[in-house]
Every structure is written in C-alpha cells, then in structure tokens.
file upload-v1.pdb (PDB, C-alpha atoms)
ATOM      1  CA  MET A   1       9.413 -22.093  12.219
ATOM      2  CA  THR A   2       7.122 -19.412  10.848
ATOM      3  CA  ALA A   3       4.633 -18.064  13.365
ATOM      4  CA  SER A   4       0.928 -18.454  12.838
ATOM      5  CA  ALA A   5      -0.640 -15.256  11.573
ATOM      6  CA  PRO A   6      -2.964 -13.250  13.800
ATOM      7  CA  GLN A   7      -6.573 -12.975  12.699
ATOM      8  CA  ILE A   8      -6.259  -9.872  10.542
ATOM      9  CA  PRO A   9      -9.579  -8.553   9.188
ATOM     10  CA  LEU A  10     -10.169  -8.814   5.460
ATOM     11  CA  ILE A  11     -11.376  -5.979   3.251
ATOM     12  CA  GLU A  12     -13.603  -7.098   0.396
ATOM     13  CA  LEU A  13     -12.580  -5.510  -2.890
ATOM     14  CA  ASN A  14     -14.984  -4.509  -5.633
ATOM     15  CA  ASP A  15     -13.891  -7.509  -7.716
ATOM     16  CA  GLY A  16     -15.030  -9.933  -5.016
ATOM     17  CA  ARG A  17     -11.595 -10.798  -3.643
ATOM     18  CA  SER A  18     -10.589 -10.084  -0.033
ATOM     19  CA  ILE A  19      -7.319  -8.470   1.060
ATOM     20  CA  PRO A  20      -5.785  -8.467   4.577
ATOM     21  CA  GLN A  21      -6.239  -5.002   6.053
ATOM     22  CA  LEU A  22      -2.753  -4.918   7.592
ATOM     23  CA  GLY A  23       0.379  -5.846   5.684
ATOM     24  CA  PHE A  24       4.124  -5.291   5.504
ATOM     25  CA  GLY A  25       5.692  -2.623   3.291
ATOM     26  CA  THR A  26       9.081  -2.958   1.609
ATOM     27  CA  PHE A  27       9.642   0.603   0.336
ATOM     28  CA  GLN A  28      13.314   1.570   0.834
ATOM     29  CA  VAL A  29      14.268  -1.930   1.964
ATOM     30  CA  PRO A  30      17.588  -2.453   0.119
ATOM     31  CA  PRO A  31      17.601  -5.388  -2.298
ATOM     32  CA  GLU A  32      20.471  -7.020  -0.417
ATOM     33  CA  ASP A  33      18.458  -6.955   2.822
ATOM     34  CA  THR A  34      15.030  -7.786   1.458
ATOM     35  CA  GLU A  35      15.052 -11.563   1.805
ATOM     36  CA  ARG A  36      16.115 -11.325   5.458
ATOM     37  CA  VAL A  37      13.671  -8.539   6.339
ATOM     38  CA  VAL A  38      10.697 -10.150   4.600
ATOM     39  CA  SER A  39      11.566 -13.530   6.116
ATOM     40  CA  ASP A  40      11.465 -11.877   9.541
ATOM     41  CA  ALA A  41       8.086 -10.323   8.703
ATOM     42  CA  LEU A  42       6.661 -13.675   7.658
ATOM     43  CA  GLU A  43       8.088 -15.276  10.800
ATOM     44  CA  VAL A  44       6.358 -12.633  12.933
ATOM     45  CA  GLY A  45       3.049 -13.346  11.223
ATOM     46  CA  TYR A  46       2.578 -10.959   8.295
ATOM     47  CA  ARG A  47       0.826 -12.500   5.302
ATOM     48  CA  HIS A  48       0.333  -9.410   3.129
ATOM     49  CA  LEU A  49       3.446  -8.038   1.398
ATOM     50  CA  ASP A  50       3.725  -4.845  -0.639
ATOM     51  CA  THR A  51       6.574  -4.326  -3.099
ATOM     52  CA  ALA A  52       7.118  -2.602  -6.471
ATOM     53  CA  GLN A  53       9.254  -2.807  -9.566
ATOM     54  CA  MET A  54      10.567   0.647  -8.678
ATOM     55  CA  TYR A  55      11.874  -0.617  -5.320
ATOM     56  CA  GLY A  56      14.219  -3.103  -6.989
ATOM     57  CA  ASN A  57      13.541  -5.739  -4.347
ATOM     58  CA  GLU A  58      10.928  -8.066  -5.858
ATOM     59  CA  GLU A  59      13.474 -10.857  -6.143
ATOM     60  CA  GLY A  60      14.198 -10.714  -2.425
ATOM     61  CA  VAL A  61      10.501 -10.825  -1.634
ATOM     62  CA  GLY A  62      10.108 -13.844  -3.882
ATOM     63  CA  ARG A  63      13.037 -15.669  -2.289
ATOM     64  CA  ALA A  64      11.669 -15.042   1.204
ATOM     65  CA  VAL A  65       8.242 -16.339   0.203
ATOM     66  CA  ALA A  66       9.730 -19.444  -1.425
ATOM     67  CA  ALA A  67      11.861 -20.182   1.650
ATOM     68  CA  SER A  68       9.025 -19.617   4.121
ATOM     69  CA  GLY A  69       7.257 -22.904   3.520
ATOM     70  CA  LEU A  70       3.925 -21.061   3.560
ATOM     71  CA  ALA A  71       1.201 -22.007   1.127
ATOM     72  CA  ARG A  72       0.926 -19.391  -1.603
ATOM     73  CA  ASP A  73      -2.837 -19.198  -1.099
ATOM     74  CA  ASP A  74      -2.180 -17.996   2.460
ATOM     75  CA  LEU A  75      -0.297 -14.942   1.203
ATOM     76  CA  TRP A  76      -1.220 -11.720  -0.548
ATOM     77  CA  ILE A  77       1.478 -10.053  -2.680
ATOM     78  CA  THR A  78       1.129  -6.621  -4.253
ATOM     79  CA  THR A  79       3.536  -5.084  -6.735
ATOM     80  CA  LYS A  80       3.403  -2.042  -9.011
ATOM     81  CA  LEU A  81       4.033  -1.230 -12.664
ATOM     82  CA  ASN A  82       7.026   1.070 -12.961
ATOM     83  CA  ASN A  83       6.833   4.406 -14.753
ATOM     84  CA  PRO A  84       8.867   3.570 -17.891
ATOM     85  CA  PHE A  85       6.576   0.654 -18.763
ATOM     86  CA  HIS A  86       3.165   2.167 -19.467
ATOM     87  CA  GLU A  87       3.079   1.082 -23.118
ATOM     88  CA  PRO A  88       1.528  -2.351 -23.873
ATOM     89  CA  ALA A  89       4.648  -4.309 -24.883
ATOM     90  CA  ALA A  90       6.808  -2.787 -22.147
ATOM     91  CA  ALA A  91       4.101  -3.375 -19.534
ATOM     92  CA  ARG A  92       3.757  -7.021 -20.486
ATOM     93  CA  GLU A  93       7.520  -7.591 -20.338
ATOM     94  CA  ALA A  94       7.780  -5.834 -16.975
ATOM     95  CA  THR A  95       4.878  -7.844 -15.599
ATOM     96  CA  GLU A  96       6.416 -11.110 -16.750
ATOM     97  CA  ARG A  97       9.655 -10.166 -14.951
ATOM     98  CA  SER A  98       7.694  -9.434 -11.775
ATOM     99  CA  LEU A  99       5.839 -12.727 -12.055
ATOM    100  CA  GLU A 100       9.105 -14.599 -12.405
ATOM    101  CA  ALA A 101      10.577 -12.818  -9.374
ATOM    102  CA  LEU A 102       7.488 -13.325  -7.232
ATOM    103  CA  GLY A 103       6.829 -16.986  -7.922
ATOM    104  CA  GLY A 104       4.426 -16.810 -10.830
ATOM    105  CA  ARG A 105       1.457 -14.964  -9.349
ATOM    106  CA  ILE A 106       0.512 -11.397  -8.416
ATOM    107  CA  ASP A 107      -2.470 -10.856  -6.116
ATOM    108  CA  LEU A 108      -2.717  -7.118  -6.720
ATOM    109  CA  TYR A 109      -0.993  -5.113  -9.448
ATOM    110  CA  LEU A 110      -1.014  -1.323  -9.339
ATOM    111  CA  VAL A 111      -0.141   1.514 -11.702
ATOM    112  CA  HIS A 112       2.510   3.104  -9.507
ATOM    113  CA  TRP A 113       2.070   6.743 -10.607
ATOM    114  CA  PRO A 114      -0.490   8.392 -12.890
ATOM    115  CA  LEU A 115       2.037  10.475 -14.889
ATOM    116  CA  ALA A 116      -0.869  12.508 -16.174
ATOM    117  CA  MET A 117       1.489  15.269 -17.294
ATOM    118  CA  HIS A 118       2.710  12.955 -20.074
ATOM    119  CA  ALA A 119      -0.264  10.852 -21.164
ATOM    120  CA  ASP A 120      -3.923  10.069 -20.658
ATOM    121  CA  VAL A 121      -4.234   7.887 -17.550
ATOM    122  CA  ALA A 122      -7.006   5.940 -19.283
ATOM    123  CA  ARG A 123      -4.467   4.553 -21.713
ATOM    124  CA  VAL A 124      -2.330   2.844 -19.065
ATOM    125  CA  TRP A 125      -5.460   1.529 -17.366
ATOM    126  CA  GLU A 126      -6.468  -0.166 -20.619
ATOM    127  CA  VAL A 127      -2.995  -1.738 -20.601
ATOM    128  CA  MET A 128      -3.571  -2.993 -17.059
ATOM    129  CA  GLU A 129      -6.895  -4.522 -18.054
ATOM    130  CA  GLY A 130      -5.094  -6.397 -20.827
ATOM    131  CA  VAL A 131      -2.386  -7.613 -18.463
ATOM    132  CA  ARG A 132      -4.995  -8.967 -16.063
ATOM    133  CA  ALA A 133      -6.741 -10.780 -18.919
ATOM    134  CA  ASP A 134      -3.581 -12.402 -20.267
ATOM    135  CA  LEU A 135      -1.358 -13.112 -17.240
ATOM    136  CA  PRO A 136      -1.724 -14.563 -13.692
ATOM    137  CA  VAL A 137      -2.624 -11.200 -12.161
ATOM    138  CA  ASP A 138      -5.692 -11.470  -9.948
ATOM    139  CA  SER A 139      -6.671  -7.877  -9.090
ATOM    140  CA  ILE A 140      -5.614  -4.528 -10.522
ATOM    141  CA  GLY A 141      -5.606  -1.067  -9.037
ATOM    142  CA  VAL A 142      -3.821   2.259  -9.001
ATOM    143  CA  SER A 143      -1.466   4.161  -6.766
ATOM    144  CA  ASN A 144      -1.210   7.903  -6.186
ATOM    145  CA  PHE A 145      -4.273   8.669  -8.318
ATOM    146  CA  HIS A 146      -6.176  11.817  -7.405
ATOM    147  CA  ALA A 147      -9.948  12.043  -7.835
ATOM    148  CA  PRO A 148      -9.685  13.612 -11.344
ATOM    149  CA  HIS A 149      -7.422  10.735 -12.448
ATOM    150  CA  LEU A 150      -9.983   8.213 -11.212
ATOM    151  CA  ALA A 151     -12.815  10.171 -12.797
ATOM    152  CA  ARG A 152     -11.012  10.014 -16.152
ATOM    153  CA  LEU A 153     -11.138   6.212 -16.048
ATOM    154  CA  ALA A 154     -14.868   6.347 -15.466
ATOM    155  CA  GLU A 155     -15.330   8.865 -18.281
ATOM    156  CA  ALA A 156     -13.525   6.466 -20.621
ATOM    157  CA  GLY A 157     -15.927   3.662 -19.693
ATOM    158  CA  LEU A 158     -13.189   1.528 -18.153
ATOM    159  CA  SER A 159     -13.375  -0.810 -15.175
ATOM    160  CA  VAL A 160     -13.196   0.553 -11.635
ATOM    161  CA  PRO A 161      -9.816  -0.012  -9.909
ATOM    162  CA  ALA A 162      -9.933  -2.379  -6.958
ATOM    163  CA  VAL A 163      -7.802  -0.053  -4.831
ATOM    164  CA  ASP A 164      -6.073   3.313  -4.827
ATOM    165  CA  GLN A 165      -2.876   3.318  -2.788
ATOM    166  CA  VAL A 166      -2.247   6.882  -1.641
ATOM    167  CA  GLU A 167      -0.316   8.752   0.995
ATOM    168  CA  SER A 168      -2.396   9.079   4.144
ATOM    169  CA  ASN A 169      -1.303   9.850   7.692
ATOM    170  CA  PRO A 170      -2.264  12.239  10.510
ATOM    171  CA  TYR A 171      -0.610  15.195   8.762
ATOM    172  CA  PHE A 172      -2.008  14.411   5.322
ATOM    173  CA  VAL A 173      -5.383  12.730   5.734
ATOM    174  CA  ASN A 174      -6.097  12.844   1.972
ATOM    175  CA  ASP A 175      -9.845  12.836   2.515
ATOM    176  CA  GLU A 176     -10.706  14.207  -0.929
ATOM    177  CA  VAL A 177      -9.354  11.045  -2.545
ATOM    178  CA  ARG A 178     -10.724   8.838   0.232
ATOM    179  CA  ASP A 179     -14.203  10.338  -0.179
ATOM    180  CA  TYR A 180     -14.153   9.752  -3.946
ATOM    181  CA  CYS A 181     -13.038   6.165  -3.423
ATOM    182  CA  ALA A 182     -15.748   5.540  -0.842
ATOM    183  CA  GLU A 183     -18.377   6.874  -3.222
ATOM    184  CA  HIS A 184     -17.204   4.659  -6.078
ATOM    185  CA  GLY A 185     -16.408   1.433  -4.237
ATOM    186  CA  ILE A 186     -12.615   1.702  -4.430
ATOM    187  CA  SER A 187     -10.690   0.476  -1.397
ATOM    188  CA  VAL A 188      -7.997   2.807  -0.047
ATOM    189  CA  GLU A 189      -4.498   1.718   0.910
ATOM    190  CA  ALA A 190      -2.519   4.157   3.048
ATOM    191  CA  TRP A 191       1.185   4.484   2.380
ATOM    192  CA  SER A 192       3.550   6.379   4.683
ATOM    193  CA  PRO A 193       1.120   5.874   7.594
ATOM    194  CA  LEU A 194       3.775   6.989  10.090
ATOM    195  CA  ALA A 195       4.748  10.023   7.963
ATOM    196  CA  GLN A 196       8.297   8.701   7.560
ATOM    197  CA  GLY A 197       8.782   8.805  11.336
ATOM    198  CA  ARG A 198       7.418  12.293  11.936
ATOM    199  CA  VAL A 199       4.709  10.895  14.242
ATOM    200  CA  PHE A 200       7.265   9.723  16.811
ATOM    201  CA  GLY A 201       8.191  13.262  17.799
ATOM    202  CA  ASP A 202       4.626  14.519  18.051
ATOM    203  CA  ALA A 203       3.756  15.521  21.625
ATOM    204  CA  GLN A 204       0.005  15.139  21.055
ATOM    205  CA  LEU A 205       0.399  11.628  19.720
ATOM    206  CA  GLN A 206       2.766  10.751  22.558
ATOM    207  CA  SER A 207       0.181  11.953  25.066
ATOM    208  CA  LEU A 208      -2.598  10.011  23.381
ATOM    209  CA  ALA A 209      -0.436   6.882  23.295
ATOM    210  CA  GLU A 210       0.131   7.208  27.034
ATOM    211  CA  GLN A 211      -3.641   7.508  27.562
ATOM    212  CA  VAL A 212      -4.341   4.180  25.843
ATOM    213  CA  GLY A 213      -1.184   2.433  27.026
ATOM    214  CA  ARG A 214       0.163   1.763  23.558
ATOM    215  CA  SER A 215       3.015   3.030  21.376
ATOM    216  CA  VAL A 216       2.676   5.962  19.009
ATOM    217  CA  SER A 217       2.996   3.675  15.981
ATOM    218  CA  GLN A 218       0.261   1.378  17.306
ATOM    219  CA  VAL A 219      -2.056   4.328  17.857
ATOM    220  CA  VAL A 220      -1.510   5.719  14.355
ATOM    221  CA  ILE A 221      -1.898   2.311  12.719
ATOM    222  CA  ARG A 222      -5.083   1.766  14.722
ATOM    223  CA  TRP A 223      -6.375   5.194  13.584
ATOM    224  CA  THR A 224      -5.745   4.171   9.970
ATOM    225  CA  ILE A 225      -7.508   0.847  10.452
ATOM    226  CA  GLN A 226     -10.538   2.411  12.120
ATOM    227  CA  ARG A 227     -10.809   4.813   9.197
ATOM    228  CA  GLY A 228     -11.350   1.693   7.084
ATOM    229  CA  ASP A 229      -8.102   1.862   5.128
ATOM    230  CA  ILE A 230      -5.653  -0.917   4.302
ATOM    231  CA  VAL A 231      -2.232  -0.175   5.777
ATOM    232  CA  PHE A 232       1.263  -1.648   5.582
ATOM    233  CA  PRO A 233       3.869  -0.106   7.892
ATOM    234  CA  LYS A 234       7.478  -1.134   7.414
ATOM    235  CA  SER A 235      10.349  -1.840   9.772
ATOM    236  CA  SER A 236      13.582  -3.796   9.701
ATOM    237  CA  SER A 237      13.286  -4.667  13.389
ATOM    238  CA  PRO A 238      11.372  -7.863  14.285
ATOM    239  CA  GLU A 239      10.419  -6.278  17.604
ATOM    240  CA  ARG A 240       8.869  -3.280  15.834
ATOM    241  CA  MET A 241       7.237  -5.600  13.292
ATOM    242  CA  ARG A 242       5.494  -7.412  16.146
ATOM    243  CA  GLU A 243       4.472  -4.109  17.733
ATOM    244  CA  ASN A 244       2.942  -2.862  14.486
ATOM    245  CA  LEU A 245       1.002  -6.104  14.107
ATOM    246  CA  ASP A 246      -0.368  -5.984  17.662
ATOM    247  CA  VAL A 247      -3.202  -3.501  17.162
ATOM    248  CA  TRP A 248      -6.337  -5.617  17.422
ATOM    249  CA  ASP A 249      -7.069  -5.607  21.153
ATOM    250  CA  PHE A 250      -7.818  -1.917  21.661
ATOM    251  CA  GLU A 251      -9.962   0.749  20.029
ATOM    252  CA  LEU A 252      -9.729   4.524  19.803
ATOM    253  CA  THR A 253     -12.719   6.593  20.853
ATOM    254  CA  PRO A 254     -14.415   8.946  18.374
ATOM    255  CA  GLU A 255     -12.810  11.857  20.241
ATOM    256  CA  GLN A 256      -9.347  10.310  19.960
ATOM    257  CA  MET A 257      -9.907   9.588  16.263
ATOM    258  CA  ALA A 258     -10.931  13.203  15.695
ATOM    259  CA  ALA A 259      -7.923  14.520  17.621
ATOM    260  CA  ILE A 260      -5.546  12.575  15.379
ATOM    261  CA  SER A 261      -7.315  13.696  12.214
ATOM    262  CA  ALA A 262      -7.086  17.298  13.460
ATOM    263  CA  LEU A 263      -3.284  17.087  13.147
ATOM    264  CA  HIS A 264      -3.736  17.415   9.384
ATOM    265  CA  ASP A 265      -1.681  20.322   8.067
ATOM    266  CA  GLY A 266      -1.419  19.356   4.403
ATOM    267  CA  THR A 267       2.231  18.324   4.636
ATOM    268  CA  ARG A 268       3.140  15.450   2.351
ATOM    269  CA  SER A 269       5.888  12.938   3.108
ATOM    270  CA  GLY A 270       6.223  12.066  -0.569
ATOM    271  CA  PRO A 271       5.770  13.717  -3.961
ATOM    272  CA  ASP A 272       2.562  15.307  -5.171
ATOM    273  CA  PRO A 273       1.154  13.055  -7.933
ATOM    274  CA  ASP A 274       0.113  16.116  -9.930
ATOM    275  CA  THR A 275       3.706  17.310 -10.224
ATOM    276  CA  PHE A 276       5.840  14.198  -9.686
ATOM    277  CA  ASP A 277       7.880  13.564 -12.847
ATOM    278  CA  TRP A 278      10.229  10.566 -12.712
ATOM    279  CA  ARG A 279      11.858  11.776 -15.936
ATOM    280  CA  GLY A 280      13.212  14.794 -14.120
TER     281      GLY A 280
END
call {"tool": "encode", "arguments": {"input": "upload-v1.pdb", "output": "structure tokens"}}
result
Amino acid sequence: MTASAPQIPLIELNDGRSIPQLGFGTFQVPPEDTERVVSDALEVGYRHLDTAQMYGNEEGVGRAVAASGLARDDLWITTKLNNPFHEPAAAREATERSLEALGGRIDLYLVHWPLAMHADVARVWEVMEGVRADLPVDSIGVSNFHAPHLARLAEAGLSVPAVDQVESNPYFVNDEVRDYCAEHGISVEAWSPLAQGRVFGDAQLQSLAEQVGRSVSQVVIRWTIQRGDIVFPKSSSPERMRENLDVWDFELTPEQMAAISALHDGTRSGPDPDTFDWRG
C-alpha cells in the first residue's frame, strides 16, 4: 500500500498553480529500473516527479504512476522538451509521445536547454506557448536558462516562464539567475542539489550535519528549501528516499545558511548552458 504523503509545502507559480516544493528526480535512472524506483518513491510518499524526454524513462514513470492507485490530481509530473524537437511540428509530436507515456497529462513542461548558440530562444518559447494552448499541458517553463536567455523572452513580448530549473548547490549557488527569477516572478527549481555526491565528502558539511543531528543530504536539501527553491533529489534506495523526504522538522540558522552558501567556488556538476551543444 502506498504511504500517505507528508505535508510538503506548495510554491505558488506565476500562473496561479501550486507545485510541491520537494519532489523526486529521475535523471540517470535507467529505463529498465524506472518503474521500480519511481514506485518505491511513491510508496515512500513522494508526489512530485521530475523526468525528461532526454532521460528515456518517461514510460517507466507513467507505468509506476498507473500502478500506484493514486489519484492523478494528487500528483505533479514534470517533463522536458528534448533538444532535437524545438521546431513546431517536432515539438508537438514529441509532446504527444510524452503525454501518451505519462498518462495523458503534463503538469509542468520545460524547454530542457536554451541552445542559444543555434537559434533565438524566443522562437522555442513561442512553440511552448502553442503546445500549452493546444494540448493537456498545464504549466510551461524553462531549464538551464541564464538571465540573458530569460531577458530575451521578455524583450520579445512573450509570457513569463513559470519556472527555471537550473543547477544549484553549495558549490554553485547560481545566484545571478536566482536573483533575476526573484525579480521577475519566476520560481527556481534546483537540480543537482547534492552536487552529484560531492557534498558527502565535505568536512564542513559533515561537521554542520553533526551539529544539527541530521545527515549531510538532509542539511543540503534543507538549505535549498530555506532559500525558497523547489528541489528534487534522487536515489534508488528507499531508505535514502525517506531520509531526503524527512526535512521538515528542523531549521538551519542564518549563520548555518551563510556557511553553506560560502562553500560556493563556481564549480558546476553539469554543462554550462552557454556552451553546452548536444550536437557535439
């Protein structure tokens, strides 16, 4: 039987919808393992799932959701438009495939990468606006957009994205993008919150975790939450899934928050959106 979900705070988006602040990420979850892993996450109590066409595991997410017995209105599912599909016809076909895999509805649909080295980002955003108008896609946003990419959408007179999903962790706080988003009413989602495991070997974070009597991952997730960001750590272990979800009964002090932010050294865990080129 699927566990009841903890009371996870909701973040109100600029389109009036509300998204759970803590979710479950499926990046690098192999397609053959996805249904099992996501089923475990739903059993533990996660109700917000993040996937992408690029990950190749939407079908597994959809199967886990269908088998869970949970009401679809109790779930939030995000997926992302893959890089080869930025043109209108290709985007529509890709979206229809995602809808079929995910049970006929997408709560949040993101442009996965800006690819500004190849085309005007405003053009793909116009495509996303059309997709939202024509298909059962509730909210739209972007991923990996820097402030100039977001500013280009505004310059073109287009709608404001509901979210920008960007890398953010203690070593790459990404405050330039976060500040722009705060100023323009765009909610921030933090990917790679644990810096692909780098945080676990950090002596300062280990010491801080001992101070508050929690694990390093719980401390970093709590730091992300207190910064006001949406976050979705990932794990294949149900025990770790539960640990990552159990972050609501403690709070970091302003001094502890500042100490974690001071770990910033500009090191990314993933590609730089200004240079990332999926075409090689």
call {"tool": "residues_around", "arguments": {"input": "upload-v1.pdb", "residues": "region 147-155 of chain A", "least_positions_apart": "6", "cutoff": "7 Å", "atoms": "all atoms listed in the file", "output": "PyMOL selection string"}}
result
chain A and resi 121-122+177+180
call {"tool": "atom_distance", "arguments": {"input": "upload-v1.pdb", "atom1": "CA of Asp277 (chain A)", "atom2": "CA of Ala94 (chain A)"}}
result
19.8 Å
call {"tool": "resolve_selection", "arguments": {"input": "upload-v1.pdb", "expression": "the PyMOL selection byres ((chain A and resi 74) around 10)", "output": "number ranges by chain"}}
result
A: 5, 47-48, 70-73, 75-76
call {"tool": "closest_residue", "arguments": {"input": "upload-v1.pdb", "among": "A:Ala52, A:Ala90, A:Leu252, A:Ala259", "to": "Val212 (chain A)", "atoms": "all atoms listed in the file"}}
result
A:Leu252
call {"tool": "atom_distance", "arguments": {"input": "upload-v1.pdb", "atom1": "CA of Ser261 (chain A)", "atom2": "CA of Thr79 (chain A)"}}
result
28.8 Å
call {"tool": "residues_around", "arguments": {"input": "upload-v1.pdb", "residues": "Pro238 (chain A)", "least_positions_apart": "5", "cutoff": "8 Å", "atoms": "all atoms listed in the file", "output": "PDB file with C-alpha atoms, in the frame of the given file"}}
result
ATOM      1  CA  ASP A  40      11.465 -11.877   9.541  1.00  0.00           C
ATOM      2  CA  ALA A  41       8.086 -10.323   8.703  1.00  0.00           C
ATOM      3  CA  VAL A  44       6.358 -12.633  12.933  1.00  0.00           C
TER       4      VAL A  44
END
call {"tool": "atom_distance", "arguments": {"input": "upload-v1.pdb", "atom1": "CA of Trp223 (chain A)", "atom2": "CA of Ala262 (chain A)"}}
result
12.1 Å
call {"tool": "resolve_selection", "arguments": {"input": "upload-v1.pdb", "expression": "the PyMOL selection byres ((chain A and resi 84) around 12)", "output": "short mmCIF file (atom, residue, chain, number, x, y, z; two decimals) with C-alpha atoms, in the coordinates of the input"}}
result
data_model
loop_
_atom_site.label_atom_id
_atom_site.label_comp_id
_atom_site.auth_asym_id
_atom_site.auth_seq_id
_atom_site.Cartn_x
_atom_site.Cartn_y
_atom_site.Cartn_z
CA GLN A 53 9.25 -2.81 -9.57
CA MET A 54 10.57 0.65 -8.68
CA LYS A 80 3.40 -2.04 -9.01
CA LEU A 81 4.03 -1.23 -12.66
CA ASN A 82 7.03 1.07 -12.96
CA ASN A 83 6.83 4.41 -14.75
CA PHE A 85 6.58 0.65 -18.76
CA HIS A 86 3.16 2.17 -19.47
CA GLU A 87 3.08 1.08 -23.12
CA PRO A 88 1.53 -2.35 -23.87
CA ALA A 89 4.65 -4.31 -24.88
CA ALA A 90 6.81 -2.79 -22.15
CA ALA A 91 4.10 -3.38 -19.53
CA GLU A 93 7.52 -7.59 -20.34
CA ALA A 94 7.78 -5.83 -16.98
CA VAL A 111 -0.14 1.51 -11.70
CA HIS A 112 2.51 3.10 -9.51
CA TRP A 113 2.07 6.74 -10.61
CA PRO A 114 -0.49 8.39 -12.89
CA LEU A 115 2.04 10.48 -14.89
CA HIS A 118 2.71 12.96 -20.07
CA VAL A 124 -2.33 2.84 -19.07
CA ASP A 277 7.88 13.56 -12.85
CA TRP A 278 10.23 10.57 -12.71
CA ARG A 279 11.86 11.78 -15.94
#
call {"tool": "residues_around", "arguments": {"input": "upload-v1.pdb", "residues": "region 9-21 of chain A", "least_positions_apart": "6", "cutoff": "8 Å", "atoms": "all atoms listed in the file", "output": "list in words"}}
result
Arg47, His48, Trp76, Ser139, Ala162, Val163, Gly185, Ile186, Ser187, Ile225, Asp229, Ile230 and Val231 of chain A
call {"tool": "resolve_selection", "arguments": {"input": "upload-v1.pdb", "expression": "the PyMOL selection byres ((chain A and resi 219) around 9)", "output": "list in words"}}
result
Leu205, Leu208, Ala209, Val212, Arg214, Ser215, Val216, Ser217, Gln218, Val220, Ile221, Arg222, Trp223, Thr224, Val247, Glu251 and Leu252 of chain A
call {"tool": "closest_residue", "arguments": {"input": "upload-v1.pdb", "among": "A:Val131, A:Ile77, A:Leu194, A:Met117", "to": "Arg105 (chain A)", "atoms": "only C-alpha atoms"}}
result
A:Ile77
call {"tool": "residues_near_point", "arguments": {"input": "upload-v1.pdb", "point": "(-3.6, 20.9, 5.4)", "cutoff": "10 Å", "atoms": "only C-alpha atoms", "output": "PyMOL selection string"}}
result
chain A and resi 171-174+262-268
call {"tool": "closest_residue", "arguments": {"input": "upload-v1.pdb", "among": "A:Glu126, A:Ala64, A:Thr51, A:Ala101", "to": "Val38 (chain A)", "atoms": "all atoms listed in the file"}}
result
A:Ala64
